[in-house]
file protein_30.txt (compact mmCIF, C-alpha atoms and all ligand atoms)
# COMPACT_ATOMS: atom_id res chain seq x y z
CA MET Z 19 79.90 83.62 94.40
CA PRO Z 20 79.70 86.85 96.42
CA ARG Z 21 82.02 86.77 99.42
CA ARG Z 22 80.60 88.28 102.53
CA PHE Z 23 81.04 88.52 106.27
CA GLN Z 24 77.41 88.33 107.47
CA HIS Z 25 78.28 88.57 111.12
CA ASP Z 26 80.24 90.47 113.74
CA LEU Z 27 83.45 88.43 113.35
CA THR Z 28 82.69 86.43 116.48
CA ASP Z 29 81.04 83.83 114.24
CA LYS Z 30 82.90 81.52 111.95
CA VAL Z 31 84.02 83.25 108.78
CA GLU Z 32 82.29 81.72 105.79
CA PHE Z 33 84.14 83.21 102.85
CA VAL Z 34 87.44 84.96 102.48
CA GLN Z 35 87.08 88.69 102.01
CA VAL Z 36 89.60 90.57 99.89
CA VAL Z 37 90.03 94.25 100.79
CA SER Z 38 92.10 96.67 98.73
CA VAL Z 39 93.53 99.60 100.73
CA SER Z 40 93.87 102.42 98.23
CA SER Z 41 94.14 106.11 97.53
CA LEU Z 42 95.13 107.92 94.39
CA LYS Z 43 97.25 110.20 96.59
CA GLY Z 44 100.62 109.26 98.08
CA GLY Z 45 101.71 109.26 101.69
CA VAL Z 46 98.24 109.41 103.27
CA GLY Z 47 98.64 106.21 105.30
CA LYS Z 48 97.63 103.26 103.10
CA THR Z 49 100.46 101.09 104.42
CA THR Z 50 99.93 102.22 108.02
CA VAL Z 51 96.21 101.45 107.84
CA THR Z 52 96.83 98.12 106.08
CA LEU Z 53 99.07 97.18 109.02
CA GLY Z 54 96.54 98.45 111.58
CA LEU Z 55 93.70 96.44 110.03
CA ALA Z 56 95.95 93.38 109.69
CA SER Z 57 96.90 93.80 113.35
CA ALA Z 58 93.21 93.80 114.32
CA ALA Z 59 92.57 90.69 112.22
CA PHE Z 60 95.66 89.01 113.72
CA ALA Z 61 94.46 89.85 117.24
CA LYS Z 62 91.11 88.23 116.44
CA GLY Z 63 92.84 85.07 115.20
CA LEU Z 64 91.65 85.51 111.62
CA ARG Z 65 93.81 83.82 108.98
CA THR Z 66 95.25 86.91 107.36
CA LEU Z 67 97.20 87.51 104.15
CA VAL Z 68 98.70 90.88 103.21
CA ILE Z 69 99.54 91.45 99.54
CA ASP Z 70 102.14 94.08 98.69
CA MET Z 71 101.23 95.63 95.31
CA ASP Z 72 103.41 98.70 95.79
CA PRO Z 73 106.85 98.80 94.10
CA GLN Z 74 108.07 100.68 97.20
CA SER Z 75 107.39 97.41 99.11
CA ASP Z 76 106.89 99.20 102.44
CA VAL Z 77 104.45 96.67 103.84
CA SER Z 78 106.88 93.83 103.04
CA SER Z 79 109.62 95.66 104.94
CA ALA Z 80 107.28 96.05 107.91
CA LEU Z 81 106.18 92.40 107.92
CA ALA Z 82 108.65 90.07 106.28
CA SER Z 83 110.63 87.75 108.47
CA ARG Z 84 112.32 85.68 105.82
CA SER Z 85 113.08 85.69 102.14
CA SER Z 86 110.73 84.33 99.49
CA HIS Z 87 113.82 83.31 97.47
CA GLY Z 88 113.20 85.85 94.77
CA TYR Z 89 109.51 85.03 94.31
CA SER Z 90 107.26 88.06 94.68
CA ILE Z 91 104.13 89.77 93.45
CA GLU Z 92 106.05 90.43 90.23
CA SER Z 93 106.49 86.68 89.64
CA VAL Z 94 102.82 86.10 90.49
CA LEU Z 95 101.56 88.71 88.02
CA THR Z 96 103.79 87.13 85.37
CA ASN Z 97 102.77 83.54 86.17
CA SER Z 98 99.77 83.05 88.47
CA SER Z 99 100.18 79.29 88.81
CA SER Z 100 99.74 77.78 92.24
CA SER Z 101 103.42 76.79 92.63
CA VAL Z 102 104.65 80.35 91.99
CA VAL Z 103 102.01 81.87 94.27
CA ARG Z 104 102.85 79.51 97.13
CA GLN Z 105 106.52 80.43 96.94
CA ALA Z 106 105.84 84.17 96.90
CA VAL Z 107 103.79 83.93 100.13
CA VAL Z 108 105.78 83.69 103.37
CA PRO Z 109 104.88 83.84 107.06
CA SER Z 110 105.46 87.33 108.42
CA SER Z 111 107.28 88.31 111.60
CA TRP Z 112 103.85 88.72 113.24
CA THR Z 113 103.62 85.37 114.94
CA GLY Z 114 104.24 83.68 118.26
CA PRO Z 115 103.19 80.65 120.27
CA GLY Z 116 99.48 80.02 119.78
CA ASP Z 117 99.14 82.68 117.07
CA VAL Z 118 97.74 82.26 113.59
CA PRO Z 119 100.62 83.98 111.74
CA VAL Z 120 99.94 86.76 109.27
CA HIS Z 121 101.24 85.85 105.82
CA ILE Z 122 102.69 88.24 103.26
CA LEU Z 123 102.74 88.00 99.49
CA MET Z 124 106.05 89.75 99.02
CA GLY Z 125 106.43 93.01 97.14
CA SER Z 126 109.20 93.89 94.73
CA PRO Z 127 110.43 97.06 93.01
CA THR Z 128 110.29 95.11 89.72
CA VAL Z 129 106.48 94.87 89.93
CA SER Z 130 106.43 98.35 88.40
CA VAL Z 131 106.70 96.64 84.97
CA HIS Z 132 103.05 95.65 85.54
CA ASP Z 133 101.95 99.19 86.37
CA LYS Z 134 100.78 99.90 82.83
CA PRO Z 135 98.54 102.85 81.99
CA ALA Z 136 96.30 100.66 79.81
CA PRO Z 137 96.43 97.04 81.04
CA THR Z 138 94.59 94.32 79.13
CA LYS Z 139 91.70 92.42 80.75
CA GLN Z 140 93.89 89.32 80.82
CA GLU Z 141 96.50 91.25 82.82
CA LEU Z 142 93.88 92.63 85.19
CA TRP Z 143 92.62 89.12 86.09
CA LYS Z 144 96.07 87.83 87.12
CA LEU Z 145 95.83 88.50 90.85
CA GLU Z 146 92.29 87.14 91.03
CA GLU Z 147 93.53 83.95 89.33
CA ALA Z 148 96.49 83.74 91.73
CA LEU Z 149 94.28 84.25 94.78
CA ALA Z 150 91.91 81.50 93.67
CA THR Z 151 94.75 79.01 94.25
CA ILE Z 152 95.28 79.98 97.91
CA GLU Z 153 92.29 81.93 99.18
CA SER Z 154 90.73 78.99 100.99
CA ASN Z 155 93.68 79.25 103.43
CA TYR Z 156 92.55 82.72 104.58
CA ASP Z 157 89.68 84.57 106.20
CA VAL Z 158 90.79 88.00 105.13
CA VAL Z 159 93.20 89.43 102.56
CA PHE Z 160 94.43 93.04 102.56
CA ILE Z 161 96.06 94.49 99.45
CA ASP Z 162 98.35 97.49 100.03
CA CYS Z 163 98.23 99.51 96.81
CA PRO Z 164 100.52 102.09 95.21
CA PRO Z 165 99.27 105.70 95.06
CA SER Z 166 98.08 105.68 91.44
CA PHE Z 167 95.38 104.23 89.23
CA ASN Z 168 97.48 102.34 86.71
CA GLY Z 169 97.67 98.59 86.19
CA LEU Z 170 98.64 97.59 89.73
CA THR Z 171 95.75 99.29 91.50
CA GLN Z 172 93.33 98.14 88.80
CA THR Z 173 94.62 94.57 89.16
CA ALA Z 174 94.13 94.78 92.94
CA TRP Z 175 90.59 96.09 92.50
CA THR Z 176 89.76 93.30 90.04
CA ALA Z 177 90.72 90.75 92.71
CA ALA Z 178 89.00 92.62 95.56
CA ASP Z 179 85.55 92.41 97.09
CA SER Z 180 85.86 95.90 98.50
CA VAL Z 181 88.05 98.98 98.50
CA VAL Z 182 88.77 101.08 101.54
CA ILE Z 183 89.93 104.57 100.61
CA ILE Z 184 92.47 106.35 102.82
CA ALA Z 185 92.47 110.14 103.06
CA GLU Z 186 94.00 112.91 105.11
CA PRO Z 187 91.85 115.88 106.14
CA GLY Z 188 93.25 118.24 103.49
CA LEU Z 189 92.04 119.98 100.34
CA PHE Z 190 93.84 117.70 97.90
CA SER Z 191 92.54 114.60 99.68
CA VAL Z 192 88.97 115.78 99.16
CA THR Z 193 89.53 115.83 95.40
CA ALA Z 194 91.49 112.54 95.53
CA VAL Z 195 88.60 110.77 97.33
CA HIS Z 196 86.19 112.10 94.73
CA ARG Z 197 88.42 110.82 91.90
CA THR Z 198 88.80 107.44 93.62
CA LEU Z 199 85.02 107.04 93.98
CA LEU Z 200 84.61 107.84 90.26
CA ALA Z 201 87.39 105.38 89.37
CA LEU Z 202 85.65 102.71 91.45
CA GLN Z 203 82.40 103.33 89.63
CA ALA Z 204 84.20 102.93 86.28
CA MET Z 205 85.91 99.75 87.48
CA ARG Z 206 82.59 98.26 88.58
CA LEU Z 207 81.18 98.81 85.08
CA LYS Z 208 84.29 97.68 83.23
CA MET Z 209 85.56 94.69 85.21
CA SER Z 210 84.02 93.80 88.50
CA PRO Z 211 80.34 94.38 89.34
CA ARG Z 212 80.83 92.84 92.81
CA LEU Z 213 83.37 95.49 93.85
CA ARG Z 214 82.00 97.62 96.68
CA THR Z 215 83.25 100.72 98.45
CA ALA Z 216 83.95 99.77 102.06
CA GLY Z 217 84.28 103.46 102.93
CA VAL Z 218 86.80 106.21 103.55
CA ILE Z 219 89.17 106.06 106.53
CA ILE Z 220 90.42 109.51 107.52
CA ASN Z 221 93.95 109.32 108.87
CA ARG Z 222 96.47 111.72 110.46
CA PHE Z 223 93.78 114.01 111.89
CA ARG Z 224 95.15 116.71 114.20
CA PRO Z 225 92.38 117.87 116.55
CA ASP Z 226 94.25 121.12 117.30
CA SER Z 227 94.36 122.13 113.61
CA PRO Z 228 91.46 124.39 112.49
CA GLU Z 229 92.24 123.43 108.87
CA HIS Z 230 91.88 119.71 109.70
CA THR Z 231 88.62 120.34 111.57
CA PHE Z 232 87.27 122.33 108.62
CA ARG Z 233 88.30 119.70 106.06
CA LEU Z 234 86.92 116.86 108.17
CA GLU Z 235 83.54 118.60 108.33
CA GLU Z 236 83.69 119.24 104.59
CA MET Z 237 84.44 115.57 103.91
CA ARG Z 238 81.58 114.46 106.18
CA GLN Z 239 79.22 116.71 104.22
CA LEU Z 240 80.52 115.62 100.82
CA PHE Z 241 80.90 111.90 101.40
CA GLY Z 242 78.27 111.27 104.09
CA ASP Z 243 78.14 107.69 105.32
CA HIS Z 244 81.14 106.74 103.20
CA ILE Z 245 83.28 108.18 106.03
CA LEU Z 246 84.12 105.39 108.46
CA GLU Z 247 84.34 106.21 112.17
CA PRO Z 248 86.50 106.45 114.16
CA ILE Z 249 88.84 108.99 112.59
CA LEU Z 250 92.52 108.16 113.14
CA ASP Z 251 94.59 110.87 114.82
CA GLU Z 252 98.20 111.56 113.97
CA THR Z 253 100.22 109.83 116.70
CA LEU Z 254 103.85 109.03 117.25
CA THR Z 255 102.82 105.64 118.67
CA LEU Z 256 101.57 104.48 115.30
CA GLN Z 257 104.80 105.56 113.62
CA GLN Z 258 106.85 103.80 116.28
CA SER Z 259 105.01 100.49 116.14
CA THR Z 260 105.12 100.50 112.31
CA GLY Z 261 108.83 101.34 112.35
CA ALA Z 262 109.50 98.52 114.82
CA ALA Z 263 107.43 96.01 112.77
CA ILE Z 264 105.26 95.26 115.82
CA PRO Z 265 101.46 95.03 115.52
CA ILE Z 266 99.79 97.99 117.24
CA HIS Z 267 97.79 95.49 119.31
CA ARG Z 268 101.09 94.33 120.87
CA TRP Z 269 102.73 97.74 121.30
CA PRO Z 270 102.97 98.76 124.97
CA GLY Z 271 101.05 101.64 126.52
CA ASP Z 272 97.53 102.98 126.87
CA GLN Z 273 97.69 105.01 123.69
CA ALA Z 274 98.58 101.92 121.63
CA GLN Z 275 95.65 100.05 123.19
CA SER Z 276 93.33 102.92 122.36
CA ILE Z 277 94.53 102.96 118.71
CA ALA Z 278 94.18 99.15 118.62
CA ARG Z 279 90.49 99.49 119.67
CA TYR Z 280 90.03 102.04 116.86
CA PHE Z 281 91.38 99.52 114.35
CA ASP Z 282 89.10 96.82 115.81
CA ARG Z 283 86.11 99.05 115.09
CA LEU Z 284 87.37 99.96 111.63
CA LEU Z 285 87.99 96.29 110.78
CA LEU Z 286 84.37 95.48 111.58
CA LYS Z 287 83.14 98.36 109.45
CA VAL Z 288 85.38 97.40 106.54
CA LEU Z 289 84.36 93.73 106.58
CA ILE Z 290 80.66 93.90 107.28
CA ASP Z 291 78.70 94.32 104.07
CA THR Z 292 76.69 97.53 104.23
CA GLY Z 293 75.03 96.89 100.90
CA ARG Z 294 76.69 100.08 99.63
CA PRO Z 295 77.81 99.80 95.98
N1 LIG Z 301 98.06 108.17 111.97
C1 LIG Z 301 99.36 108.43 111.80
N2 LIG Z 301 100.07 109.06 112.77
C2 LIG Z 301 101.37 109.35 112.59
N3 LIG Z 301 102.06 109.06 111.48
C3 LIG Z 301 101.42 108.44 110.49
C4 LIG Z 301 100.05 108.09 110.58
N4 LIG Z 301 99.69 107.48 109.44
C5 LIG Z 301 100.79 107.46 108.65
N5 LIG Z 301 101.82 108.03 109.28
C6 LIG Z 301 103.19 108.22 108.75
O1 LIG Z 301 103.08 108.90 107.49
C7 LIG Z 301 104.03 108.40 106.58
C8 LIG Z 301 103.29 107.88 105.35
O2 LIG Z 301 102.46 106.80 105.77
P1 LIG Z 301 102.28 105.51 104.86
O3 LIG Z 301 103.60 105.03 104.36
O4 LIG Z 301 101.41 104.58 105.60
O5 LIG Z 301 101.48 106.16 103.65
P2 LIG Z 301 101.16 105.52 102.23
O6 LIG Z 301 99.85 106.09 101.79
O7 LIG Z 301 101.27 104.06 102.30
O8 LIG Z 301 102.34 106.10 101.35
P3 LIG Z 301 102.68 105.71 99.84
O9 LIG Z 301 101.67 106.41 98.97
O10 LIG Z 301 104.07 106.23 99.63
O11 LIG Z 301 102.58 104.21 99.75
C9 LIG Z 301 104.81 107.31 107.31
O12 LIG Z 301 105.98 107.89 107.82
C10 LIG Z 301 103.87 106.91 108.46
O13 LIG Z 301 104.58 106.44 109.61
MG MG Z 302 102.40 102.73 101.16
call {"tool": "encode", "arguments": {"input": "protein_30.txt", "output": "structure tokens"}}
result
Amino acid sequence: MPRRFQHDLTDKVEFVQVVSVSSLKGGVGKTTVTLGLASAAFAKGLRTLVIDMDPQSDVSSALASRSSHGYSIESVLTNSSSSVVRQAVVPSSWTGPGDVPVHILMGSPTVSVHDKPAPTKQELWKLEEALATIESNYDVVFIDCPPSFNGLTQTAWTAADSVVIIAEPGLFSVTAVHRTLLALQAMRLKMSPRLRTAGVIINRFRPDSPEHTFRLEEMRQLFGDHILEPILDETLTLQQSTGAAIPIHRWPGDQAQSIARYFDRLLLKVLIDTGRP
């Protein structure tokens, strides 16, 4: 059954939506944006799960409050039974009185054994199978991906309803976005016709950089309405809140509140179905 948010998130959520946060380029802000979107979902009281598909496990470091006793995404991709999945998911440190806590499916460096260049279809379905055992507990699931298109990203995309692509305003990002869109098209044909492109979030924009302004304009021309507004500026505040494992919506100061509103708007754009393939 297609899973859709047909509303502005003020209504009841009808189906869980699984969003993969990806780029085929490293260090562009996938983990930072995953946390920003999760923070927006958390602030709205949505039941939120973050899945750490990256062997670097950065999003687990930023969120985890307690151990999953050795169970992780690696265990889940090896054995997607409900009992293993439930042990690999733990409440994150993002919680408090009256909050719906964000949960994290823990990452592990050992998950790299599943990052095969040519995974089988059976391997690609593993995360989808695992999610089927727990997804009714959530409104939204974000998958933080590694910066490559091997087995782990393909497995994430097979389980996802949509992919949000992260890019910096630079020459190599332009080509990386293009490659990611082509990879998505191939994935739709090969594995998952329901997979849609939620859009491209441009991150780390520096308004005082002529190169960034030029590249942003170029990306708008090349990718049109795939580019999601607002554009995220490079800010120390975002680095600080990520480093302190605090949701941006709870970080003090006007700048944090302004970034939080940006993530609110981006969350809406990512979740609402535009009908775009
Ligand atoms: N908008 C931003 N403003 C300031 N710093 C940022 C911003 N976005 C990301 N960063 C910083 O850039 C670095 C890389 O970001 P991040 O880890 O989110 O990228 P990534 O795409 O997940 O990397 P990887 O490919 O290694 O997983 C981090 O130090 C992060 O704090
Ligand atoms: Mg990352």
call {"tool": "closest_atom_pairs", "arguments": {"input": "protein_30.txt", "of": "chain Z", "to": "ligand LIG 301 (chain Z)", "cutoff": "8 Å", "atoms": "all atoms listed in the file", "output": "CSV"}}
result
residue,atom,partner,partner_atom,distance
Z:Ser40,CA,Z:LIG301,O6,7.9
Z:Ser41,CA,Z:LIG301,O6,7.1
Z:Lys43,CA,Z:LIG301,O9,6.3
Z:Gly44,CA,Z:LIG301,O9,3.2
Z:Gly45,CA,Z:LIG301,O8,3.2
Z:Val46,CA,Z:LIG301,O6,4.0
Z:Gly47,CA,Z:LIG301,O4,3.2
Z:Lys48,CA,Z:LIG301,O7,3.8
Z:Thr49,CA,Z:LIG301,O7,3.7
Z:Thr50,CA,Z:LIG301,O4,3.7
Z:Val51,CA,Z:LIG301,O4,6.5
Z:Thr52,CA,Z:LIG301,O4,7.9
Z:Asp72,CA,Z:LIG301,O11,6.8
Z:Gln74,CA,Z:LIG301,O11,7.0
Z:Asp76,CA,Z:LIG301,O3,7.0
Z:Asp162,CA,Z:LIG301,O7,7.5
Z:Cys163,CA,Z:LIG301,O11,7.0
Z:Pro164,CA,Z:LIG301,O11,5.4
Z:Pro165,CA,Z:LIG301,O9,4.6
Z:Ile184,CA,Z:LIG301,O6,7.5
Z:Asn221,CA,Z:LIG301,N1,5.3
Z:Arg222,CA,Z:LIG301,N1,4.2
Z:Phe223,CA,Z:LIG301,N1,7.2
Z:Leu250,CA,Z:LIG301,N1,5.7
Z:Asp251,CA,Z:LIG301,N1,5.2
Z:Glu252,CA,Z:LIG301,N2,3.3
Z:Thr253,CA,Z:LIG301,N2,4.0
Z:Leu254,CA,Z:LIG301,C2,5.3
Z:Thr255,CA,Z:LIG301,C2,7.3
Z:Leu256,CA,Z:LIG301,N2,5.4
Z:Gln257,CA,Z:LIG301,O13,4.1
Z:Gln258,CA,Z:LIG301,O13,7.5
Z:Thr260,CA,Z:LIG301,O13,6.5
Z:Gly261,CA,Z:LIG301,O13,7.2
call {"tool": "atom_distance", "arguments": {"input": "protein_30.txt", "atom1": "CA of Ser75 (chain Z)", "atom2": "CA of Ser276 (chain Z)"}}
result
27.7 Å
call {"tool": "residues_around", "arguments": {"input": "protein_30.txt", "residues": "Ile266 (chain Z)", "least_positions_apart": "3", "cutoff": "10 Å", "atoms": "all atoms listed in the file", "output": "ChimeraX atom specification"}}
result
/Z:53-58,61,255-260,263,269-270,273-279,281
call {"tool": "residues_around", "arguments": {"input": "protein_30.txt", "residues": "region 195-210 of chain Z", "least_positions_apart": "2", "cutoff": "9 Å", "atoms": "only C-alpha atoms", "output": "list in words"}}
result
Ser40, Ser41, Leu42, Lys43, Lys139, Leu142, Phe167, Gln172, Trp175, Thr176, Ala177, Ala178, Asp179, Val181, Ile183, Ile184, Ala185, Phe190, Ser191, Val192, Thr193, Arg212, Leu213, Arg214, Thr215, Val218, Phe241 and Pro295 of chain Z
call {"tool": "atom_distance", "arguments": {"input": "protein_30.txt", "atom1": "CA of Lys144 (chain Z)", "atom2": "CA of Ser98 (chain Z)"}}
result
6.2 Å
call {"tool": "residues_near_point", "arguments": {"input": "protein_30.txt", "point": "(90.5, 83.7, 109.2)", "cutoff": "7 Å", "atoms": "all atoms listed in the file", "output": "list in words"}}
result
Val31, Gly63, Leu64, Arg65, Thr66, Tyr156, Asp157 and Val158 of chain Z
call {"tool": "atom_distance", "arguments": {"input": "protein_30.txt", "atom1": "CA of Val107 (chain Z)", "atom2": "CA of Gln140 (chain Z)"}}
result
22.4 Å
call {"tool": "residues_around", "arguments": {"input": "protein_30.txt", "residues": "Ser110 (chain Z)", "least_positions_apart": "2", "cutoff": "6 Å", "atoms": "all atoms listed in the file", "output": "list in words"}}
result
Leu81, Ala82, Ser83, Trp112, Val120, His121 and Ile122 of chain Z
call {"tool": "residues_near_point", "arguments": {"input": "protein_30.txt", "point": "(111.2, 100.0, 93.1)", "cutoff": "10 Å", "atoms": "only C-alpha atoms", "output": "list in words"}}
result
Asp72, Pro73, Gln74, Ser75, Gly125, Ser126, Pro127, Thr128, Val129, Ser130 and Val131 of chain Z
call {"tool": "closest_residue", "arguments": {"input": "protein_30.txt", "among": "Z:Ile290, Z:Val182, Z:Leu123, Z:Val39", "to": "ligand MG 302 (chain Z)", "atoms": "all atoms listed in the file"}}
result
Z:Val39
call {"tool": "build_atoms", "arguments": {"input": "protein_30.txt", "residues": "region 134-152 of chain Z", "atoms": "N, CA and C atoms", "output": "CSV table (one decimal), keeping the file's coordinate frame"}}
result
chain,number,residue,atom,x,y,z
Z,134,LYS,N,101.0,99.3,84.2
Z,134,LYS,CA,100.8,99.9,82.8
Z,134,LYS,C,99.6,100.8,82.8
Z,135,PRO,N,99.7,101.9,82.0
Z,135,PRO,CA,98.5,102.8,82.0
Z,135,PRO,C,97.3,102.2,81.4
Z,136,ALA,N,97.5,101.3,80.5
Z,136,ALA,CA,96.3,100.7,79.8
Z,136,ALA,C,96.4,99.1,79.8
Z,137,PRO,N,96.3,98.5,81.0
Z,137,PRO,CA,96.4,97.0,81.0
Z,137,PRO,C,95.3,96.3,80.3
Z,138,THR,N,95.6,95.1,79.8
Z,138,THR,CA,94.6,94.3,79.1
Z,138,THR,C,93.7,93.6,80.2
Z,139,LYS,N,92.6,93.1,79.8
Z,139,LYS,CA,91.7,92.4,80.8
Z,139,LYS,C,92.4,91.2,81.3
Z,140,GLN,N,93.1,90.5,80.4
Z,140,GLN,CA,93.9,89.3,80.8
Z,140,GLN,C,94.9,89.7,81.9
Z,141,GLU,N,95.6,90.8,81.8
Z,141,GLU,CA,96.5,91.2,82.8
Z,141,GLU,C,95.8,91.6,84.1
Z,142,LEU,N,94.6,92.2,84.0
Z,142,LEU,CA,93.9,92.6,85.2
Z,142,LEU,C,93.4,91.4,86.0
Z,143,TRP,N,93.2,90.3,85.4
Z,143,TRP,CA,92.6,89.1,86.1
Z,143,TRP,C,93.7,88.3,86.8
Z,144,LYS,N,95.0,88.7,86.6
Z,144,LYS,CA,96.1,87.8,87.1
Z,144,LYS,C,96.0,87.6,88.6
Z,145,LEU,N,95.8,88.7,89.4
Z,145,LEU,CA,95.8,88.5,90.8
Z,145,LEU,C,94.6,87.7,91.3
Z,146,GLU,N,93.5,87.9,90.7
Z,146,GLU,CA,92.3,87.1,91.0
Z,146,GLU,C,92.6,85.6,90.8
Z,147,GLU,N,93.2,85.3,89.6
Z,147,GLU,CA,93.5,84.0,89.3
Z,147,GLU,C,94.5,83.4,90.4
Z,148,ALA,N,95.5,84.2,90.7
Z,148,ALA,CA,96.5,83.7,91.7
Z,148,ALA,C,95.8,83.5,93.1
Z,149,LEU,N,94.9,84.4,93.5
Z,149,LEU,CA,94.3,84.2,94.8
Z,149,LEU,C,93.4,83.0,94.8
Z,150,ALA,N,92.8,82.7,93.7
Z,150,ALA,CA,91.9,81.5,93.7
Z,150,ALA,C,92.7,80.2,94.1
Z,151,THR,N,94.0,80.2,93.9
Z,151,THR,CA,94.8,79.0,94.2
Z,151,THR,C,95.1,78.9,95.7
Z,152,ILE,N,94.9,80.0,96.5
Z,152,ILE,CA,95.3,80.0,97.9
Z,152,ILE,C,94.2,80.6,98.9
